[in-house]
$ cat work_34.pdb   # PDB, C-alpha atoms
ATOM      1  CA  MET A  39      93.139  78.986  91.660
ATOM      2  CA  GLN A  40      90.633  81.407  93.176
ATOM      3  CA  GLU A  41      91.928  84.937  93.678
ATOM      4  CA  ASP A  42      91.888  86.246  97.255
ATOM      5  CA  SER A  43      89.279  89.021  97.413
ATOM      6  CA  THR A  44      90.134  90.037 100.988
ATOM      7  CA  PRO A  45      90.644  93.819 101.005
ATOM      8  CA  SER A  46      94.235  94.950 101.419
ATOM      9  CA  ILE A  47      95.004  97.008 104.523
ATOM     10  CA  PRO A  48      97.266 100.106 104.526
ATOM     11  CA  LEU A  49     100.486  99.652 106.475
ATOM     12  CA  SER A  50      99.756 102.869 108.361
ATOM     13  CA  ALA A  51      96.600 101.264 109.741
ATOM     14  CA  LEU A  52      98.690  98.620 111.478
ATOM     15  CA  GLU A  53     100.556 101.315 113.396
ATOM     16  CA  HIS A  54      97.289 103.051 114.253
ATOM     17  CA  HIS A  55      95.832  99.790 115.591
ATOM     18  CA  ALA A  56      98.983  99.021 117.581
ATOM     19  CA  TYR A  57      98.654 102.482 119.152
ATOM     20  CA  CYS A  58      94.880 102.437 119.678
ATOM     21  CA  PRO A  59      92.309 100.143 117.997
ATOM     22  CA  ARG A  60      89.624 102.837 118.258
ATOM     23  CA  GLN A  61      91.861 105.291 116.410
ATOM     24  CA  ALA A  62      92.410 102.762 113.614
ATOM     25  CA  VAL A  63      88.679 102.221 113.099
ATOM     26  CA  LEU A  64      87.850 105.934 113.208
ATOM     27  CA  ILE A  65      90.464 106.734 110.570
ATOM     28  CA  HIS A  66      90.334 103.745 108.246
ATOM     29  CA  LEU A  67      86.670 102.751 108.446
ATOM     30  CA  ASP A  68      84.764 105.872 109.444
ATOM     31  CA  GLY A  69      87.051 108.238 107.551
ATOM     32  CA  TYR A  70      87.459 110.570 110.516
ATOM     33  CA  PHE A  71      90.704 112.495 110.830
ATOM     34  CA  ASP A  72      91.717 115.808 112.311
ATOM     35  CA  ALA A  73      95.157 117.418 112.218
ATOM     36  CA  ASN A  74      97.124 118.817 115.114
ATOM     37  CA  VAL A  75     100.652 120.092 115.576
ATOM     38  CA  ASP A  76     102.050 116.554 115.778
ATOM     39  CA  THR A  77     100.407 115.320 112.573
ATOM     40  CA  ILE A  78     101.449 118.486 110.729
ATOM     41  CA  ARG A  79     105.011 118.036 111.968
ATOM     42  CA  GLY A  80     104.885 114.448 110.735
ATOM     43  CA  ASP A  81     103.661 115.525 107.292
ATOM     44  CA  LEU A  82     106.523 117.996 107.023
ATOM     45  CA  ALA A  83     109.037 115.339 108.062
ATOM     46  CA  HIS A  84     107.778 112.964 105.377
ATOM     47  CA  ALA A  85     107.779 115.688 102.738
ATOM     48  CA  ALA A  86     111.549 115.854 103.073
ATOM     49  CA  VAL A  87     111.921 112.215 101.959
ATOM     50  CA  ASP A  88     108.943 111.846  99.643
ATOM     51  CA  SER A  89     110.716 112.985  96.477
ATOM     52  CA  GLY A  90     110.582 109.404  95.248
ATOM     53  CA  GLY A  91     112.796 107.268  93.072
ATOM     54  CA  PRO A  92     116.302 105.836  93.250
ATOM     55  CA  GLY A  93     119.327 107.596  94.646
ATOM     56  CA  LYS A  94     122.099 107.303  97.188
ATOM     57  CA  ASP A  95     122.211 107.840 100.927
ATOM     58  CA  ARG A  96     124.829 110.033 102.593
ATOM     59  CA  ASP A  97     127.091 107.025 103.085
ATOM     60  CA  GLY A  98     126.861 106.063  99.409
ATOM     61  CA  THR A  99     124.375 103.209  99.876
ATOM     62  CA  ARG A 100     121.812 102.816  97.099
ATOM     63  CA  VAL A 101     118.332 103.813  98.237
ATOM     64  CA  TRP A 102     114.819 104.126  96.855
ATOM     65  CA  ARG A 103     112.567 106.799  98.323
ATOM     66  CA  SER A 104     108.774 106.472  98.467
ATOM     67  CA  LEU A 105     108.850 102.850  97.325
ATOM     68  CA  PRO A 106     105.380 101.241  97.050
ATOM     69  CA  VAL A 107     105.298  97.816  98.691
ATOM     70  CA  VAL A 108     102.753  95.027  99.080
ATOM     71  CA  SER A 109     102.346  91.641 100.685
ATOM     72  CA  HIS A 110      99.826  89.348  99.014
ATOM     73  CA  THR A 111     100.244  86.900 101.884
ATOM     74  CA  LEU A 112      99.249  89.397 104.580
ATOM     75  CA  ARG A 113      97.069  91.458 102.214
ATOM     76  CA  VAL A 114      98.704  94.738 103.222
ATOM     77  CA  HIS A 115     100.138  97.571 101.168
ATOM     78  CA  GLY A 116     101.815 100.922 101.600
ATOM     79  CA  VAL A 117     104.846 103.049 100.839
ATOM     80  CA  CYS A 118     108.273 102.832 102.453
ATOM     81  CA  ASP A 119     109.766 106.258 103.141
ATOM     82  CA  VAL A 120     113.220 104.932 102.231
ATOM     83  CA  VAL A 121     114.602 101.502 101.401
ATOM     84  CA  ARG A 122     118.354 100.977 101.695
ATOM     85  CA  PHE A 123     119.848  98.283  99.460
ATOM     86  CA  GLU A 124     122.626  96.967 101.670
ATOM     87  CA  SER A 125     124.912  93.959 101.156
ATOM     88  CA  THR A 126     123.136  92.075 103.960
ATOM     89  CA  GLY A 127     119.662  92.722 102.587
ATOM     90  CA  HIS A 128     117.077  95.449 102.122
ATOM     91  CA  VAL A 129     116.450  97.809 105.031
ATOM     92  CA  PRO A 130     113.209  99.856 105.285
ATOM     93  CA  VAL A 131     113.637 103.249 106.962
ATOM     94  CA  GLU A 132     110.515 104.840 108.461
ATOM     95  CA  HIS A 133     110.700 108.546 109.344
ATOM     96  CA  LYS A 134     108.882 109.779 112.453
ATOM     97  CA  SER A 135     108.777 113.372 113.642
ATOM     98  CA  GLY A 136     108.655 112.561 117.356
ATOM     99  CA  ALA A 137     110.578 110.373 119.768
ATOM    100  CA  TYR A 138     111.202 106.676 119.295
ATOM    101  CA  ARG A 139     109.777 104.199 121.795
ATOM    102  CA  PRO A 140     111.320 100.705 121.597
ATOM    103  CA  GLY A 141     108.652  98.079 121.099
ATOM    104  CA  GLY A 142     106.083 100.724 120.175
ATOM    105  CA  PRO A 143     103.650 100.944 117.240
ATOM    106  CA  ALA A 144     106.344 102.166 114.822
ATOM    107  CA  ASP A 145     108.104  98.810 115.191
ATOM    108  CA  VAL A 146     104.979  97.077 113.888
ATOM    109  CA  GLN A 147     104.833  99.372 110.865
ATOM    110  CA  VAL A 148     108.482  98.981 109.875
ATOM    111  CA  ALA A 149     108.321  95.207 110.457
ATOM    112  CA  ALA A 150     105.323  94.998 108.133
ATOM    113  CA  GLN A 151     107.323  96.922 105.537
ATOM    114  CA  ALA A 152     110.131  94.398 105.991
ATOM    115  CA  LEU A 153     107.760  91.483 105.381
ATOM    116  CA  CYS A 154     106.514  93.183 102.208
ATOM    117  CA  LEU A 155     110.073  93.675 100.942
ATOM    118  CA  LYS A 156     111.034  90.095 101.722
ATOM    119  CA  GLU A 157     108.017  88.800  99.806
ATOM    120  CA  MET A 158     108.530  91.156  96.856
ATOM    121  CA  PHE A 159     112.273  90.732  96.394
ATOM    122  CA  GLY A 160     112.931  87.332  97.967
ATOM    123  CA  THR A 161     115.871  88.725  99.909
ATOM    124  CA  PRO A 162     116.647  88.822 103.648
ATOM    125  CA  VAL A 163     115.260  91.774 105.591
ATOM    126  CA  PRO A 164     116.728  91.201 109.064
ATOM    127  CA  THR A 165     116.376  94.766 110.312
ATOM    128  CA  GLY A 166     114.415  97.949 109.876
ATOM    129  CA  VAL A 167     115.184 101.493 110.957
ATOM    130  CA  ILE A 168     113.089 104.175 112.626
ATOM    131  CA  PHE A 169     114.509 107.646 112.091
ATOM    132  CA  ALA A 170     113.224 109.773 114.976
ATOM    133  CA  GLY A 171     113.070 113.516 114.425
ATOM    134  CA  ALA A 172     113.117 114.207 118.170
ATOM    135  CA  ASP A 173     116.719 113.065 118.559
ATOM    136  CA  ARG A 174     117.756 113.004 114.878
ATOM    137  CA  ARG A 175     118.887 109.396 115.258
ATOM    138  CA  ARG A 176     118.342 106.110 113.449
ATOM    139  CA  HIS A 177     117.024 103.372 115.727
ATOM    140  CA  VAL A 178     117.610  99.826 114.474
ATOM    141  CA  VAL A 179     114.728  97.374 114.877
ATOM    142  CA  ASP A 180     115.425  93.634 114.735
ATOM    143  CA  ILE A 181     112.785  91.925 112.603
ATOM    144  CA  ASP A 182     112.759  88.804 114.751
ATOM    145  CA  ALA A 183     110.165  86.049 115.102
ATOM    146  CA  PRO A 184     108.177  87.674 117.945
ATOM    147  CA  LEU A 185     107.887  90.949 116.026
ATOM    148  CA  ARG A 186     106.861  89.155 112.833
ATOM    149  CA  ALA A 187     104.202  87.294 114.823
ATOM    150  CA  ARG A 188     103.026  90.613 116.254
ATOM    151  CA  VAL A 189     102.555  91.966 112.735
ATOM    152  CA  VAL A 190     100.487  88.932 111.759
ATOM    153  CA  GLU A 191      98.331  89.172 114.884
ATOM    154  CA  THR A 192      97.856  92.942 114.494
ATOM    155  CA  THR A 193      96.774  92.440 110.892
ATOM    156  CA  ARG A 194      94.302  89.723 111.912
ATOM    157  CA  ALA A 195      92.826  91.790 114.738
ATOM    158  CA  LEU A 196      92.539  94.928 112.604
ATOM    159  CA  ARG A 197      90.915  93.062 109.725
ATOM    160  CA  ALA A 198      88.305  91.662 112.121
ATOM    161  CA  LEU A 199      87.549  95.151 113.461
ATOM    162  CA  LEU A 200      87.230  96.696 110.008
ATOM    163  CA  ALA A 201      84.808  93.949 108.978
ATOM    164  CA  GLY A 202      82.575  94.475 112.006
ATOM    165  CA  VAL A 203      79.964  96.967 113.192
ATOM    166  CA  PHE A 204      81.486  97.833 116.555
ATOM    167  CA  LEU A 205      83.807 100.627 117.559
ATOM    168  CA  PRO A 206      86.294  99.738 120.304
ATOM    169  CA  ALA A 207      85.735 101.624 123.538
ATOM    170  CA  PRO A 208      88.052 104.623 124.128
ATOM    171  CA  VAL A 209      91.211 103.822 126.066
ATOM    172  CA  ASN A 210      91.054 107.199 127.857
ATOM    173  CA  ASP A 211      94.653 107.128 129.051
ATOM    174  CA  ARG A 212      97.839 109.093 128.358
ATOM    175  CA  ARG A 213      97.726 108.057 124.691
ATOM    176  CA  CYS A 214      94.762 110.413 124.278
ATOM    177  CA  ARG A 215      96.587 113.541 125.394
ATOM    178  CA  ARG A 216      98.260 114.321 122.076
ATOM    179  CA  CYS A 217      95.877 112.420 119.782
ATOM    180  CA  SER A 218      94.474 114.597 117.005
ATOM    181  CA  LEU A 219      91.188 112.643 117.140
ATOM    182  CA  ARG A 220      90.500 113.396 120.792
ATOM    183  CA  GLU A 221      87.607 115.812 120.223
ATOM    184  CA  GLY A 222      85.717 113.516 117.855
ATOM    185  CA  CYS A 223      86.676 110.344 119.697
ATOM    186  CA  MET A 224      85.324 111.697 123.000
ATOM    187  CA  PRO A 225      87.383 109.461 125.310
ATOM    188  CA  ASP A 226      86.025 111.193 128.430
ATOM    189  CA  VAL A 227      82.476 109.962 127.793
ATOM    190  CA  PRO A 228      81.781 107.267 130.425
ATOM    191  CA  VAL A 229      81.678 103.716 129.104
ATOM    192  CA  ASP A 230      80.346 100.697 130.979
ATOM    193  CA  PRO A 231      83.541  98.951 132.145
ATOM    194  CA  GLY A 232      81.935  95.621 131.334
ATOM    195  CA  THR A 233      81.497  96.636 127.709
ATOM    196  CA  LEU A 234      84.512  96.010 125.520
ATOM    197  CA  PHE A 235      83.034  97.659 122.468
ATOM    198  CA  THR A 236      80.592 100.470 121.775
ATOM    199  CA  ALA A 237      78.212 100.220 118.856
ATOM    200  CA  ARG A 238      79.034 102.428 115.916
ATOM    201  CA  PRO A 239      76.240 104.874 114.989
ATOM    202  CA  GLU A 240      75.636 103.092 111.686
ATOM    203  CA  ALA A 241      74.583  99.959 113.552
ATOM    204  CA  SER A 242      71.663 101.760 115.276
ATOM    205  CA  TRP A 243      70.361 103.355 112.083
ATOM    206  CA  ASP A 244      69.460  99.925 110.722
ATOM    207  CA  ASP A 245      67.478  98.908 113.831
TER     208      ASP A 245
END

$ encode --input "work_34.pdb" --output "structure tokens"
Amino acid sequence: MQEDSTPSIPLSALEHHAYCPRQAVLIHLDGYFDANVDTIRGDLAHAAVDSGGPGKDRDGTRVWRSLPVVSHTLRVHGVCDVVRFESTGHVPVEHKSGAYRPGGPADVQVAAQALCLKEMFGTPVPTGVIFAGADRRRHVVDIDAPLRARVVETTRALRALLAGVFLPAPVNDRRCRRCSLREGCMPDVPVDPGTLFTARPEASWDD
């Protein structure tokens, strides 16, 4: 049986693509990243749970912090901040420093973690949790069929972008206001509305 040589995609890239495809390409293909107060706050929030290894949660549930996960079916990989080993199945817990938005990009990331856990352990993963630092609450995410399909479609779309030579046009909307990549992304530069994608600089060098 021939081994699948398709490159594996980081789970974080799925969230980036769900938020803004241009952001995902800039970070994961062009290697461009710049920090701001939000990304620094996020790093600090993750540092609190990145000690790694097995332990117990406050309610006595067995947990594993910083657990590496992978799905060979989706060809994605990453690290779960926390995985709770509950009687009804494994539950990935993703920590975010800001507010939680139902149906937002974080749901895609935690659902992808759930699919990895289900494939790795062969156990049910019916829910995930987003812990939002803004309200210090755990928000339960149902890993239902539509969300699983969204993960698959996001992975497919992102893989196609990363294999191409085009950079998606900037969205230039409210998502840009707090984006750490705003200066380098240049969303205010006019783009022909009939053009869905702008050529990446590398494409012109080979002309």

$ atom_distance --input "work_34.pdb" --atom1 "atom CA of Ala152 of chain A" --atom2 "atom CA of Ala198 of chain A"
22.8 Å

$ residues_around --input "work_34.pdb" --residues "segment 183-196 of chain A" --least-positions-apart "3" --cutoff "7 Å" --atoms "only C-alpha atoms" --output "PyMOL selection string"
chain A and resi 52+55-56+146+149-150+199-200

$ resolve_selection --input "work_34.pdb" --expression "the PyMOL selection byres ((chain A and resi 139) around 12)" --output "list in words"
Tyr57, Lys134, Gly136, Ala137, Tyr138, Pro140, Gly141, Gly142, Pro143, Ala144, Asp145, Val146, Ile168, Phe169, Ala170, Ala172, Asp173, His177, Val178 and Val179 of chain A

$ resolve_selection --input "work_34.pdb" --expression "the PyMOL selection byres ((chain A and resi 158) around 8)" --output "list in words"
Val107, Val108, Ser109, Cys154, Leu155, Lys156, Glu157, Phe159 and Gly160 of chain A

$ resolve_selection --input "work_34.pdb" --expression "the PyMOL selection byres ((chain A and resi 100) around 12)" --output "ChimeraX atom specification"
/A:91-99,101-103,120-125,127-129

$ closest_residue --input "work_34.pdb" --among "A:Arg197, A:Ser135, A:Phe204, A:Val63" --to "Arg174 of chain A" --atoms "all atoms listed in the file"
A:Ser135

$ atom_distance --input "work_34.pdb" --atom1 "atom CA of Ser104 of chain A" --atom2 "atom CA of Cys118 of chain A"
5.4 Å

$ atom_distance --input "work_34.pdb" --atom1 "atom CA of Ser50 of chain A" --atom2 "atom CA of Thr161 of chain A"
23.0 Å

$ residues_around --input "work_34.pdb" --residues "Pro45 of chain A" --least-positions-apart "3" --cutoff "10 Å" --atoms "only C-alpha atoms" --output "JSON list (two decimals) with C-alpha atoms, in the coordinates of the input"
[["chain", "number", "residue", "atom", "x", "y", "z"],
["A", 42, "ASP", "CA", 91.89, 86.25, 97.26],
["A", 48, "PRO", "CA", 97.27, 100.11, 104.53],
["A", 113, "ARG", "CA", 97.07, 91.46, 102.21],
["A", 114, "VAL", "CA", 98.70, 94.74, 103.22],
["A", 197, "ARG", "CA", 90.92, 93.06, 109.72],
["A", 201, "ALA", "CA", 84.81, 93.95, 108.98]]

$ residues_near_point --input "work_34.pdb" --point "(89.0, 104.8, 106.3)" --cutoff "12 Å" --atoms "all atoms listed in the file" --output "tab-separated table (two decimals) with C-alpha atoms, in the frame of the given file"
chain	number	residue	atom	x	y	z
A	47	ILE	CA	95.00	97.01	104.52
A	48	PRO	CA	97.27	100.11	104.53
A	50	SER	CA	99.76	102.87	108.36
A	51	ALA	CA	96.60	101.26	109.74
A	54	HIS	CA	97.29	103.05	114.25
A	61	GLN	CA	91.86	105.29	116.41
A	62	ALA	CA	92.41	102.76	113.61
A	63	VAL	CA	88.68	102.22	113.10
A	64	LEU	CA	87.85	105.93	113.21
A	65	ILE	CA	90.46	106.73	110.57
A	66	HIS	CA	90.33	103.74	108.25
A	67	LEU	CA	86.67	102.75	108.45
A	68	ASP	CA	84.76	105.87	109.44
A	69	GLY	CA	87.05	108.24	107.55
A	70	TYR	CA	87.46	110.57	110.52
A	71	PHE	CA	90.70	112.50	110.83
A	200	LEU	CA	87.23	96.70	110.01
A	201	ALA	CA	84.81	93.95	108.98

$ closest_residue --input "work_34.pdb" --among "A:Ile181, A:Pro59, A:Ser46, A:Pro130" --to "Arg213 of chain A" --atoms "all atoms listed in the file"
A:Pro59

$ closest_residue --input "work_34.pdb" --among "A:Leu49, A:Pro208, A:His133, A:Val163" --to "Val117 of chain A" --atoms "all atoms listed in the file"
A:Leu49

$ axis_aligned_box --input "work_34.pdb" --around "segment 173-178 of chain A" --padding-each-side "5 Å" --output "JSON"
{"center_x": 117.8, "center_y": 106.4, "center_z": 116.0, "size_x": 12.2, "size_y": 23.2, "size_z": 15.1}
